[in-house]
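See below for structure_38.pdb, which holds PDB, C-alpha atoms.
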```pdb
MODEL        1
ATOM      1  CA  LYS G   1      -0.954  -7.099  12.603  1.00  0.00           C
ATOM      2  CA  ILE G   2      -0.841  -5.503   9.182  1.00  0.00           C
ATOM      3  CA  GLN G   3      -4.051  -3.819   8.059  1.00  0.00           C
ATOM      4  CA  ARG G   4      -5.206  -2.274   4.811  1.00  0.00           C
ATOM      5  CA  GLY G   5      -4.114   1.375   4.684  1.00  0.00           C
ATOM      6  CA  ASP G   6      -1.012   0.901   6.874  1.00  0.00           C
ATOM      7  CA  ILE G   7       2.237   2.465   5.692  1.00  0.00           C
ATOM      8  CA  ILE G   8       5.015  -0.095   6.049  1.00  0.00           C
ATOM      9  CA  ILE G   9       8.770  -0.427   5.669  1.00  0.00           C
ATOM     10  CA  ALA G  10       9.832  -3.600   3.844  1.00  0.00           C
ATOM     11  CA  LYS G  11      12.798  -5.101   2.050  1.00  0.00           C
ATOM     12  CA  CYS G  12      12.498  -4.478  -1.672  1.00  0.00           C
ATOM     13  CA  PRO G  13      11.558  -7.766  -3.398  1.00  0.00           C
ATOM     14  CA  THR G  14      13.768  -6.939  -6.392  1.00  0.00           C
ATOM     15  CA  ASN G  15      16.763  -5.504  -4.455  1.00  0.00           C
ATOM     16  CA  PRO G  16      17.243  -6.922  -0.929  1.00  0.00           C
ATOM     17  CA  LYS G  17      19.799  -4.192  -0.085  1.00  0.00           C
ATOM     18  CA  GLN G  18      17.087  -1.557  -0.425  1.00  0.00           C
ATOM     19  CA  ASN G  19      14.147  -0.756   1.870  1.00  0.00           C
ATOM     20  CA  ILE G  20      10.825   0.504   0.539  1.00  0.00           C
ATOM     21  CA  CYS G  21       8.073   2.540   2.176  1.00  0.00           C
ATOM     22  CA  LYS G  22       4.636   1.737   0.743  1.00  0.00           C
ATOM     23  CA  ARG G  23       0.937   1.640   1.635  1.00  0.00           C
ATOM     24  CA  VAL G  24      -0.803  -1.721   2.124  1.00  0.00           C
ATOM     25  CA  VAL G  25      -3.626  -1.830  -0.420  1.00  0.00           C
ATOM     26  CA  GLY G  26      -4.460  -5.538  -0.349  1.00  0.00           C
ATOM     27  CA  LEU G  27      -4.346  -8.400   2.136  1.00  0.00           C
ATOM     28  CA  PRO G  28      -4.352 -12.172   1.515  1.00  0.00           C
ATOM     29  CA  GLY G  29      -7.489 -13.182  -0.380  1.00  0.00           C
ATOM     30  CA  ASP G  30      -8.163  -9.691  -1.795  1.00  0.00           C
ATOM     31  CA  LYS G  31      -8.715  -9.286  -5.534  1.00  0.00           C
ATOM     32  CA  ILE G  32      -6.784  -6.276  -6.810  1.00  0.00           C
ATOM     33  CA  ASN G  33      -7.791  -4.593 -10.069  1.00  0.00           C
ATOM     34  CA  TYR G  34      -5.178  -2.466 -11.815  1.00  0.00           C
ATOM     35  CA  GLY G  35      -5.230  -1.359 -15.414  1.00  0.00           C
ATOM     36  CA  LEU G  36      -6.946  -4.026 -17.469  1.00  0.00           C
ATOM     37  CA  THR G  37      -5.828  -6.909 -15.247  1.00  0.00           C
ATOM     38  CA  SER G  38      -6.624  -8.223 -11.796  1.00  0.00           C
ATOM     39  CA  GLN G  39      -4.726 -10.381  -9.332  1.00  0.00           C
ATOM     40  CA  LEU G  40      -5.623 -12.343  -6.226  1.00  0.00           C
ATOM     41  CA  VAL G  41      -3.294 -11.676  -3.280  1.00  0.00           C
ATOM     42  CA  PRO G  42      -2.049 -15.109  -2.138  1.00  0.00           C
ATOM     43  CA  LYS G  43      -1.850 -16.284   1.461  1.00  0.00           C
ATOM     44  CA  GLY G  44       1.203 -14.871   3.248  1.00  0.00           C
ATOM     45  CA  HIS G  45       1.498 -11.863   0.925  1.00  0.00           C
ATOM     46  CA  VAL G  46       0.379  -8.222   0.778  1.00  0.00           C
ATOM     47  CA  TRP G  47      -0.224  -5.847  -2.110  1.00  0.00           C
ATOM     48  CA  LEU G  48       1.785  -2.624  -1.770  1.00  0.00           C
ATOM     49  CA  GLU G  49       1.389   0.615  -3.701  1.00  0.00           C
ATOM     50  CA  GLY G  50       3.171   3.937  -3.503  1.00  0.00           C
ATOM     51  CA  ASP G  51       1.173   7.107  -2.930  1.00  0.00           C
ATOM     52  CA  ASN G  52       2.581   8.596  -6.148  1.00  0.00           C
ATOM     53  CA  ARG G  53       0.872   6.091  -8.446  1.00  0.00           C
ATOM     54  CA  ASN G  54       2.236   7.616 -11.660  1.00  0.00           C
ATOM     55  CA  ASN G  55       5.873   7.300 -10.544  1.00  0.00           C
ATOM     56  CA  SER G  56       6.163   4.349  -8.167  1.00  0.00           C
ATOM     57  CA  ALA G  57       7.704   0.897  -8.375  1.00  0.00           C
ATOM     58  CA  ASP G  58       5.314  -1.230  -6.345  1.00  0.00           C
ATOM     59  CA  SER G  59       3.201  -4.392  -6.509  1.00  0.00           C
ATOM     60  CA  ARG G  60       1.880  -3.311  -9.890  1.00  0.00           C
ATOM     61  CA  SER G  61       5.386  -3.951 -11.237  1.00  0.00           C
ATOM     62  CA  TYR G  62       6.707  -6.760  -8.991  1.00  0.00           C
ATOM     63  CA  GLY G  63       3.521  -8.442  -7.784  1.00  0.00           C
ATOM     64  CA  PRO G  64       2.402  -9.414  -4.272  1.00  0.00           C
ATOM     65  CA  VAL G  65       5.085  -9.035  -1.591  1.00  0.00           C
ATOM     66  CA  PRO G  66       5.728 -11.810   0.965  1.00  0.00           C
ATOM     67  CA  GLN G  67       4.777 -10.681   4.475  1.00  0.00           C
ATOM     68  CA  GLY G  68       8.188 -11.939   5.648  1.00  0.00           C
ATOM     69  CA  LEU G  69       9.793  -8.955   3.886  1.00  0.00           C
ATOM     70  CA  VAL G  70       7.766  -6.472   5.968  1.00  0.00           C
ATOM     71  CA  LYS G  71       9.975  -5.022   8.690  1.00  0.00           C
ATOM     72  CA  SER G  72       7.727  -2.510  10.467  1.00  0.00           C
ATOM     73  CA  ARG G  73       4.872  -0.039  10.258  1.00  0.00           C
ATOM     74  CA  ALA G  74       5.786   3.590   9.695  1.00  0.00           C
TER      75      ALA G  74
ENDMDL
END
```
Please rewrite the model in this file as structure tokens.
Amino acid sequence: KIQRGDIIIAKCPTNPKQNICKRVVGLPGDKINYGLTSQLVPKGHVWLEGDNRNNSADSRSYGPVPQGLVKSRA
């Protein structure tokens, strides 16, 4: 079971040929605040962020990631 704080390997939602390694920051039902906006993580999705926040393509750019794209925990 995926938990907040886990590091996971997932298929990239914008490029299915690429894998990503990110930290789980939000679970379904969580409200995520970033910048001046906020987003509710929908059922069946997770919010992923890279540890290098200033230089990372993550949920802040492509939104919540379907849990079906998660392959494993690192």
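In terms of minimum interatomic distance to Val41 of chain G, G:Pro28 ranks closest within G:Pro13, G:Pro28, G:Pro66, G:Gly5, counting all atoms listed in the file.
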For segment 38-55 of chain G, I'd like the enclosing box, axis-aligned and padded by 8 Å on every side, reported as AutoDock Vina command-line options with centre and edge lengths in Å to one decimal.
```
--center_x -0.4 --center_y -3.8 --center_z -4.3 --size_x 28.5 --size_y 40.9 --size_z 31.0
```
Could you tell me, as a compact mmCIF listing (two decimals) with C-alpha atoms, in the coordinates of the input, exactly which residues end up selected when the PyMOL selection byres ((chain G and resi 2) around 12) is applied to this structure?
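Final output, selection.txt:
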```txt
# COMPACT_ATOMS: atom_id res chain seq x y z
CA LYS G 1 -0.95 -7.10 12.60
CA GLN G 3 -4.05 -3.82 8.06
CA ARG G 4 -5.21 -2.27 4.81
CA GLY G 5 -4.11 1.38 4.68
CA ASP G 6 -1.01 0.90 6.87
CA ILE G 7 2.24 2.46 5.69
CA ILE G 8 5.01 -0.10 6.05
CA ILE G 9 8.77 -0.43 5.67
CA ARG G 23 0.94 1.64 1.64
CA VAL G 24 -0.80 -1.72 2.12
CA VAL G 25 -3.63 -1.83 -0.42
CA GLY G 26 -4.46 -5.54 -0.35
CA LEU G 27 -4.35 -8.40 2.14
CA PRO G 28 -4.35 -12.17 1.52
CA GLY G 44 1.20 -14.87 3.25
CA HIS G 45 1.50 -11.86 0.92
CA VAL G 46 0.38 -8.22 0.78
CA TRP G 47 -0.22 -5.85 -2.11
CA LEU G 48 1.78 -2.62 -1.77
CA GLN G 67 4.78 -10.68 4.47
CA GLY G 68 8.19 -11.94 5.65
CA VAL G 70 7.77 -6.47 5.97
CA LYS G 71 9.98 -5.02 8.69
CA SER G 72 7.73 -2.51 10.47
CA ARG G 73 4.87 -0.04 10.26
CA ALA G 74 5.79 3.59 9.70
```
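Using all atoms listed in the file for every distance, the candidate list G:Lys22, G:Lys31, G:Arg53, G:Lys17 yields G:Lys22 as the residue closest to Val65 of chain G.
For the pair atom CA of Leu69 of chain G and atom CA of Leu36 of chain G, the separation is 27.6 Å.
Coordinates place atom CA of Cys12 of chain G at a distance of 22.0 Å from atom CA of Asn33 of chain G.
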Margin query: Please report the interatomic distance between atom CA of Ser38 of chain G and atom CA of Gln18 of chain G in Å with one decimal.
Written below: 27.1 Å
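For the set G:Thr14, G:Glu49, G:Ile20, G:Ser56, the residue with the smallest atom-to-atom gap to Ile32 of chain G is G:Glu49, counting all atoms listed in the file.
Nearest residue to Pro64 of chain G, choosing from G:Ala10, G:Asn15, G:Gly35, G:Pro42 and counting all atoms listed in the file: G:Pro42.
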